[in-house]
Structure formats: C-alpha cells, structure tokens
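J.: For reference, the structure I am asking about is given below.
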Amino acid sequence: MKLYIDDADLGEIRRLWEIYPLDGVTTNPTILARSGRHPKETLLEIRKIIGDDAELFVQALPKDMAGIIADGEAIVSAFGAKTVVKIPSVPEGFAAMKALNRKGIVTCGTAVYTPMQAYLAAKAGAAYVAPYLNRIDNMGFDGVRIVKQIHDLLQKGGYSTEVLAASFKNSQQVLDICAYGIGAATCAPAIIDGFTKNVAIDAAVDAFIADFEKAYGKGETMKSLLQ
Ligand code: G3P
C-alpha cells in the first residue's frame, strides 16, 4: 500500500520524509490554509523536500468545469509532472476529470463519501479516488467497510483507478484497509507517528541498550567497540 503524508507543515513533512518510506504528500485547501503561507510557496517547498519523483496532490478550487480544468493545468505546470490534481467527485468535477484525462493530466476524485461517486470518478478517468473514511464513520456509517466496497467495485469493474483512503483517526483503520489490499492511504502526521507508538516497543529497545551498557560501559556502541 502506498503511504502519503496528509499535511502541509514543512517541518513535519521534512521530519517524516526522513524517517518513513513514503510515496508523497497530499494536501487540500483547508490544509494549505492552515500552513499560514502562500500556497505556491508552501507547495514549492514541499516539492523540494520530496523531490521530483514523488507524488504531490493539490486540489482545484473552482466549482465549474472550465475553472477546474484551468486550475488543474496551472497546478501541474507549477509543481511538475508528478503532481496529481484533486477534484471533488461531483458532476462538474467528473466533466473536468474527463477533459484533464484527455490532456494526460493525472487526477484524483476527492470528497468521496459513496461508492457511486467512486464509480463515476473511475469511469471519468481518475487515477485515484479518495474516500474520507473517518468522516464516513462520523456520519454513522462504517468507513472501513465502504472503503473496501469501493476497492472491490473498482477491481471487479476492471478499472485501474486506485483507492487513496483519507481521513483517518487511528492506526487500526489504516491497518484494516492495508490488510485488504487497498492501493494507498494518506494520513496526518499524528496518525503516522501513532503507527509504532507503543510502550512495549519502547521498553524492549531501552532494555537492549541498558543490558549492553551494563556489560560494556555507558555510551558504548558496536562501532566504538569494534574499533
Ligand atoms: O483531503 C481529505 C482528508 O484530508 C480529510 O481528512 O481528517 O479532515 O477528515 P480529515
């Protein structure tokens, strides 16, 4: 499963990018607004951190087809070929996905709450569809189940469109969909940090070091002892 950072905080992106095997960064208008900087400046910095080969997702703002297409073209020309244009999965959005697909611009159908939206975005040529798992949970439905249902629908229909699951609130939700073979997930930094947050893991690592230092001396490492 591909894994993305769902954030625009440059410090957090730099930190997580160094630690984890990640595939890119996803943003949305709310996330960009939260960064407190001009979106162009923020997105160019993100592109610099992740390099030209990783995927960067940027959302188009207008609600009309022509406006979405114009935003999509501007986004790809500003941030490079590996930039995916996020487009809300609504009627005008489907029209824009079809047009951008014809121009070779990669799109992601976003704001997906239902399998029907995902089906239409896939048919319109979106490379990804982004269901909002936790927001679906909060509406009283089973987000994990709906994400799996969308995955099955795309597979059985023979679409190459991948599910990019978004809006997670815990690592169990991520693991659940990973085990099901979902193509991609995007998570806020706090969720990624939570993947291995576990007192048993920390205690095991600390015990190894304490045992070693007791026998060979404080601060000793394999390097220092093998010199
Ligand atoms: O881009 C969609 C995703 O970021 C939504 O996440 O946490 O705002 O529900 P959240």
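Chain identifiers are assigned as A, B, and so on, following the order in which chains appear in the structure tokens; residues are numbered from 1 within each chain, and ligands are numbered from 1 in order of appearance.
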If you run DSSP on the backbone, which residues of range 16-220 of chain A are alpha helix (DSSP H), as a PyMOL selection string?
T.: chain A and resi 16-19+29-34+39-50+65-79+91-102+115-123+133-138+143-156+171-179+189-194+199-216
J.: Give me the residues near Pro91 in chain A as an MDAnalysis selection string, where near means some atom within 10 Å (using only C-alpha atoms) and where sequence neighbours in that chain fewer than 4 positions away do not count.
T.: chainID A and resid 63:65 95:97 117 120:121
J.: Save out the residues we just selected, N, CA, C and O atoms, as a PDB file, in the first residue's frame.
T.:
ATOM      1  N   LYS A  63     -15.730  25.542  -8.846  1.00  0.00           N
ATOM      2  CA  LYS A  63     -16.790  24.531  -8.867  1.00  0.00           C
ATOM      3  C   LYS A  63     -17.260  24.252 -10.285  1.00  0.00           C
ATOM      4  O   LYS A  63     -17.964  23.273 -10.524  1.00  0.00           O
ATOM      5  N   ASP A  64     -16.866  25.114 -11.239  1.00  0.00           N
ATOM      6  CA  ASP A  64     -17.305  24.882 -12.620  1.00  0.00           C
ATOM      7  C   ASP A  64     -16.219  24.165 -13.420  1.00  0.00           C
ATOM      8  O   ASP A  64     -15.031  24.289 -13.118  1.00  0.00           O
ATOM      9  N   MET A  65     -16.650  23.427 -14.447  1.00  0.00           N
ATOM     10  CA  MET A  65     -15.735  22.584 -15.209  1.00  0.00           C
ATOM     11  C   MET A  65     -14.552  23.380 -15.779  1.00  0.00           C
ATOM     12  O   MET A  65     -13.396  22.983 -15.592  1.00  0.00           O
ATOM     13  N   ALA A  95     -16.821  15.985 -15.275  1.00  0.00           N
ATOM     14  CA  ALA A  95     -16.578  16.561 -16.608  1.00  0.00           C
ATOM     15  C   ALA A  95     -15.120  17.026 -16.711  1.00  0.00           C
ATOM     16  O   ALA A  95     -14.458  16.803 -17.735  1.00  0.00           O
ATOM     17  N   ALA A  96     -14.623  17.648 -15.647  1.00  0.00           N
ATOM     18  CA  ALA A  96     -13.229  18.127 -15.656  1.00  0.00           C
ATOM     19  C   ALA A  96     -12.250  16.958 -15.653  1.00  0.00           C
ATOM     20  O   ALA A  96     -11.218  17.005 -16.326  1.00  0.00           O
ATOM     21  N   MET A  97     -12.572  15.877 -14.907  1.00  0.00           N
ATOM     22  CA  MET A  97     -11.690  14.689 -14.889  1.00  0.00           C
ATOM     23  C   MET A  97     -11.544  14.134 -16.296  1.00  0.00           C
ATOM     24  O   MET A  97     -10.453  13.783 -16.727  1.00  0.00           O
ATOM     25  N   GLN A 117     -20.022   7.693  -6.187  1.00  0.00           N
ATOM     26  CA  GLN A 117     -19.089   8.755  -6.586  1.00  0.00           C
ATOM     27  C   GLN A 117     -17.780   8.151  -7.110  1.00  0.00           C
ATOM     28  O   GLN A 117     -17.213   8.612  -8.097  1.00  0.00           O
ATOM     29  N   LEU A 120     -18.165   6.693 -10.610  1.00  0.00           N
ATOM     30  CA  LEU A 120     -18.235   7.711 -11.674  1.00  0.00           C
ATOM     31  C   LEU A 120     -16.871   8.372 -11.908  1.00  0.00           C
ATOM     32  O   LEU A 120     -16.486   8.637 -13.044  1.00  0.00           O
ATOM     33  N   ALA A 121     -16.121   8.602 -10.807  1.00  0.00           N
ATOM     34  CA  ALA A 121     -14.776   9.204 -10.956  1.00  0.00           C
ATOM     35  C   ALA A 121     -13.867   8.244 -11.715  1.00  0.00           C
ATOM     36  O   ALA A 121     -13.090   8.657 -12.587  1.00  0.00           O
TER      37      ALA A 121
END
J.: Identify, counting only C-alpha atoms and all ligand atoms, the protein, DNA and RNA residues located within 10 Å of ligand 1, and give them as JSON, numbers by chain.
T.: {"A": [5, 6, 7, 26, 27, 28, 29, 30, 31, 57, 58, 59, 86, 110, 111, 112, 130, 131, 132, 133, 134, 135, 136, 138, 164, 165, 166, 167, 168, 169, 186, 187, 188, 191]}
J.: So that I can check the surroundings of Thr161 in chain A, please list as an NGL selection string every protein, DNA and RNA residue that reaches within 10 Å of it, counting only C-alpha atoms and ignoring chain neighbours fewer than 2 positions away.
T.: :A and (107-109 or 118-119 or 121-123 or 125-129 or 151 or 154-155 or 158-159 or 163-164 or 183)
J.: Expressed in Å to a single decimal, how great is the separation between CA of Phe94 in chain A and CA of Thr114 in chain A?
T.: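 So the two atoms, CA of Phe94 in chain A and CA of Thr114 in chain A, lie 14.6 Å apart.
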J.: For Ile49 in chain A, please output as a list in words all residues within 10 Å (counting only C-alpha atoms; exclusion window: fewer than 5 positions along the same chain).
T.: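 Returned residues: Leu10, Ile13, Arg14, Trp17, Glu18, Gly24, Leu43, Leu44 and Ala54 of chain A.
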J.: Would you export the selected residues with all heavy atoms as a PDB file, in the first residue's frame, please?
T.:
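Produced file out.pdb, reproduced below:
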ATOM      1  N   LEU A  10       5.737  22.189   6.800  1.00  0.00           N
ATOM      2  CA  LEU A  10       7.039  21.842   6.212  1.00  0.00           C
ATOM      3  C   LEU A  10       7.949  21.109   7.188  1.00  0.00           C
ATOM      4  O   LEU A  10       8.657  20.174   6.815  1.00  0.00           O
ATOM      5  CB  LEU A  10       7.725  23.109   5.688  1.00  0.00           C
ATOM      6  CG  LEU A  10       6.935  23.857   4.608  1.00  0.00           C
ATOM      7  CD1 LEU A  10       7.650  25.138   4.208  1.00  0.00           C
ATOM      8  CD2 LEU A  10       6.704  22.982   3.383  1.00  0.00           C
ATOM      9  N   ILE A  13       6.718  17.545   7.452  1.00  0.00           N
ATOM     10  CA  ILE A  13       6.989  16.787   6.212  1.00  0.00           C
ATOM     11  C   ILE A  13       8.473  16.421   6.149  1.00  0.00           C
ATOM     12  O   ILE A  13       8.829  15.277   5.875  1.00  0.00           O
ATOM     13  CB  ILE A  13       6.538  17.594   4.964  1.00  0.00           C
ATOM     14  CG1 ILE A  13       5.015  17.709   4.954  1.00  0.00           C
ATOM     15  CG2 ILE A  13       7.039  16.932   3.682  1.00  0.00           C
ATOM     16  CD1 ILE A  13       4.446  18.644   3.912  1.00  0.00           C
ATOM     17  N   ARG A  14       9.342  17.401   6.466  1.00  0.00           N
ATOM     18  CA  ARG A  14      10.792  17.131   6.461  1.00  0.00           C
ATOM     19  C   ARG A  14      11.123  15.981   7.421  1.00  0.00           C
ATOM     20  O   ARG A  14      11.839  15.051   7.087  1.00  0.00           O
ATOM     21  CB  ARG A  14      11.537  18.396   6.908  1.00  0.00           C
ATOM     22  CG  ARG A  14      12.461  18.894   5.838  1.00  0.00           C
ATOM     23  CD  ARG A  14      13.201  20.153   6.211  1.00  0.00           C
ATOM     24  NE  ARG A  14      12.821  21.230   5.305  1.00  0.00           N
ATOM     25  CZ  ARG A  14      12.173  22.322   5.629  1.00  0.00           C
ATOM     26  NH1 ARG A  14      11.827  22.547   6.864  1.00  0.00           N
ATOM     27  NH2 ARG A  14      11.887  23.228   4.716  1.00  0.00           N
ATOM     28  N   TRP A  17       9.505  12.578   6.251  1.00  0.00           N
ATOM     29  CA  TRP A  17      10.084  12.131   4.987  1.00  0.00           C
ATOM     30  C   TRP A  17      11.428  11.453   5.224  1.00  0.00           C
ATOM     31  O   TRP A  17      11.790  10.510   4.527  1.00  0.00           O
ATOM     32  CB  TRP A  17      10.238  13.332   4.045  1.00  0.00           C
ATOM     33  CG  TRP A  17      10.467  12.919   2.634  1.00  0.00           C
ATOM     34  CD1 TRP A  17      11.640  12.966   1.932  1.00  0.00           C
ATOM     35  CD2 TRP A  17       9.494  12.370   1.733  1.00  0.00           C
ATOM     36  NE1 TRP A  17      11.465  12.484   0.662  1.00  0.00           N
ATOM     37  CE2 TRP A  17      10.148  12.111   0.509  1.00  0.00           C
ATOM     38  CE3 TRP A  17       8.124  12.067   1.842  1.00  0.00           C
ATOM     39  CZ2 TRP A  17       9.495  11.552  -0.593  1.00  0.00           C
ATOM     40  CZ3 TRP A  17       7.479  11.527   0.743  1.00  0.00           C
ATOM     41  CH2 TRP A  17       8.162  11.276  -0.445  1.00  0.00           C
ATOM     42  N   GLU A  18      12.173  11.957   6.215  1.00  0.00           N
ATOM     43  CA  GLU A  18      13.477  11.378   6.519  1.00  0.00           C
ATOM     44  C   GLU A  18      13.335  10.001   7.175  1.00  0.00           C
ATOM     45  O   GLU A  18      14.133   9.105   6.948  1.00  0.00           O
ATOM     46  CB  GLU A  18      14.220  12.330   7.459  1.00  0.00           C
ATOM     47  CG  GLU A  18      15.714  12.181   7.376  1.00  0.00           C
ATOM     48  CD  GLU A  18      16.414  13.283   8.143  1.00  0.00           C
ATOM     49  OE1 GLU A  18      16.189  14.468   7.809  1.00  0.00           O
ATOM     50  OE2 GLU A  18      17.144  12.955   9.086  1.00  0.00           O
ATOM     51  N   GLY A  24       4.663  10.211  -1.013  1.00  0.00           N
ATOM     52  CA  GLY A  24       4.355  11.575  -1.421  1.00  0.00           C
ATOM     53  C   GLY A  24       3.570  12.320  -0.357  1.00  0.00           C
ATOM     54  O   GLY A  24       3.481  11.879   0.794  1.00  0.00           O
ATOM     55  N   LEU A  43       3.794  24.813  -1.473  1.00  0.00           N
ATOM     56  CA  LEU A  43       3.827  23.634  -2.343  1.00  0.00           C
ATOM     57  C   LEU A  43       5.180  23.477  -3.039  1.00  0.00           C
ATOM     58  O   LEU A  43       5.661  22.359  -3.223  1.00  0.00           O
ATOM     59  CB  LEU A  43       2.673  23.704  -3.354  1.00  0.00           C
ATOM     60  CG  LEU A  43       1.290  23.522  -2.706  1.00  0.00           C
ATOM     61  CD1 LEU A  43       0.171  24.023  -3.614  1.00  0.00           C
ATOM     62  CD2 LEU A  43       1.044  22.049  -2.351  1.00  0.00           C
ATOM     63  N   LEU A  44       5.826  24.613  -3.383  1.00  0.00           N
ATOM     64  CA  LEU A  44       7.169  24.513  -3.990  1.00  0.00           C
ATOM     65  C   LEU A  44       8.164  23.958  -2.981  1.00  0.00           C
ATOM     66  O   LEU A  44       9.036  23.158  -3.314  1.00  0.00           O
ATOM     67  CB  LEU A  44       7.633  25.878  -4.509  1.00  0.00           C
ATOM     68  CG  LEU A  44       6.996  26.331  -5.838  1.00  0.00           C
ATOM     69  CD1 LEU A  44       7.436  27.747  -6.205  1.00  0.00           C
ATOM     70  CD2 LEU A  44       7.328  25.361  -6.988  1.00  0.00           C
ATOM     71  N   ALA A  54       8.366  11.966  -6.463  1.00  0.00           N
ATOM     72  CA  ALA A  54       7.284  11.592  -5.535  1.00  0.00           C
ATOM     73  C   ALA A  54       6.010  12.353  -5.916  1.00  0.00           C
ATOM     74  O   ALA A  54       6.067  13.438  -6.500  1.00  0.00           O
ATOM     75  CB  ALA A  54       7.688  11.913  -4.108  1.00  0.00           C
TER      76      ALA A  54
END
J.: Check the smallest atom-to-atom distance from each of A:Glu220, A:Asp152, A:Glu92, A:Glu73 to Gly104 in chain A using only C-alpha atoms, then report the winner.
T.: A:Glu73
J.: So, with only C-alpha atoms as the atoms that count, which of A:Glu162, A:Asp71, A:Asp193, A:Asp142 lies closest to Arg15 in chain A?
T.: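 Answer, going by the shortest atom-to-atom distance: A:Asp193.
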J.: Measuring atom to atom with only C-alpha atoms, identify which of A:Ala210, A:Ile182, A:Ala99, A:Leu56 is nearest to Val85 in chain A.
T.: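 Residue with the minimum atom-to-atom distance to Val85 in chain A: A:Leu56.
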J.: Could you check how far CA of Leu153 in chain A sits from CA of Ile105 in chain A, in Å to one decimal?
T.: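 Atom-to-atom, CA of Leu153 in chain A to CA of Ile105 in chain A, that is 23.8 Å.
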J.: Distance CA of Ala78 in chain A-CA of Val106 in chain A, one decimal place?
T.: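 So the answer is 14.3 Å.
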J.: As a list in words, which residues of range 19-159 of chain A does DSSP assign to strand (DSSP E)?
T.: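 Residues meeting the strand (DSSP E) criterion: Gly24, Val25, Thr26, Glu55, Leu56, Phe57, Val58, Gln59, Thr83, Val84, Val85, Lys86, Ile87, Pro88, Thr107, Cys108, Gly109, Thr110, Ala111, Val112, Tyr128, Val129, Ala130 and Pro131 of chain A.
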J.: I need the residues from that last selection saved to file as a CSV table (one decimal), in the first residue's frame (with C-alpha atoms), if you can.
T.:
chain,number,residue,atom,x,y,z
A,24,GLY,CA,4.4,11.6,-1.4
A,25,VAL,CA,2.3,14.3,0.1
A,26,THR,CA,-1.4,15.1,-0.2
A,55,GLU,CA,3.6,12.4,-5.9
A,56,LEU,CA,2.2,15.7,-4.7
A,57,PHE,CA,-1.6,16.1,-4.6
A,58,VAL,CA,-3.1,19.5,-5.0
A,59,GLN,CA,-6.8,20.3,-5.1
A,83,THR,CA,1.5,16.3,-9.4
A,84,VAL,CA,-2.0,14.8,-9.1
A,85,VAL,CA,-4.9,17.2,-9.4
A,86,LYS,CA,-7.6,16.5,-6.7
A,87,ILE,CA,-11.1,17.2,-8.0
A,88,PRO,CA,-14.3,16.9,-5.9
A,107,THR,CA,-6.5,13.3,-11.4
A,108,CYS,CA,-7.9,12.1,-8.1
A,109,GLY,CA,-11.6,12.1,-7.4
A,110,THR,CA,-11.8,13.5,-3.9
A,111,ALA,CA,-14.6,14.2,-1.3
A,112,VAL,CA,-15.8,10.7,-1.8
A,128,TYR,CA,-7.3,7.7,-7.7
A,129,VAL,CA,-10.5,8.1,-5.7
A,130,ALA,CA,-10.2,9.4,-2.1
A,131,PRO,CA,-12.9,8.2,0.3
J.: Could you check which of A:Ile68, A:Ile201, A:Ser160, A:Tyr113 is closest to Phe141 in chain A, using only C-alpha atoms?
T.: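 The shortest atom-to-atom distance to Phe141 in chain A comes from A:Tyr113.
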J.: Find the residue from A:Lys148, A:Lys197, A:Lys214, A:Lys223 that sits nearest to Tyr180 in chain A; use only C-alpha atoms when measuring.
T.: A:Lys148
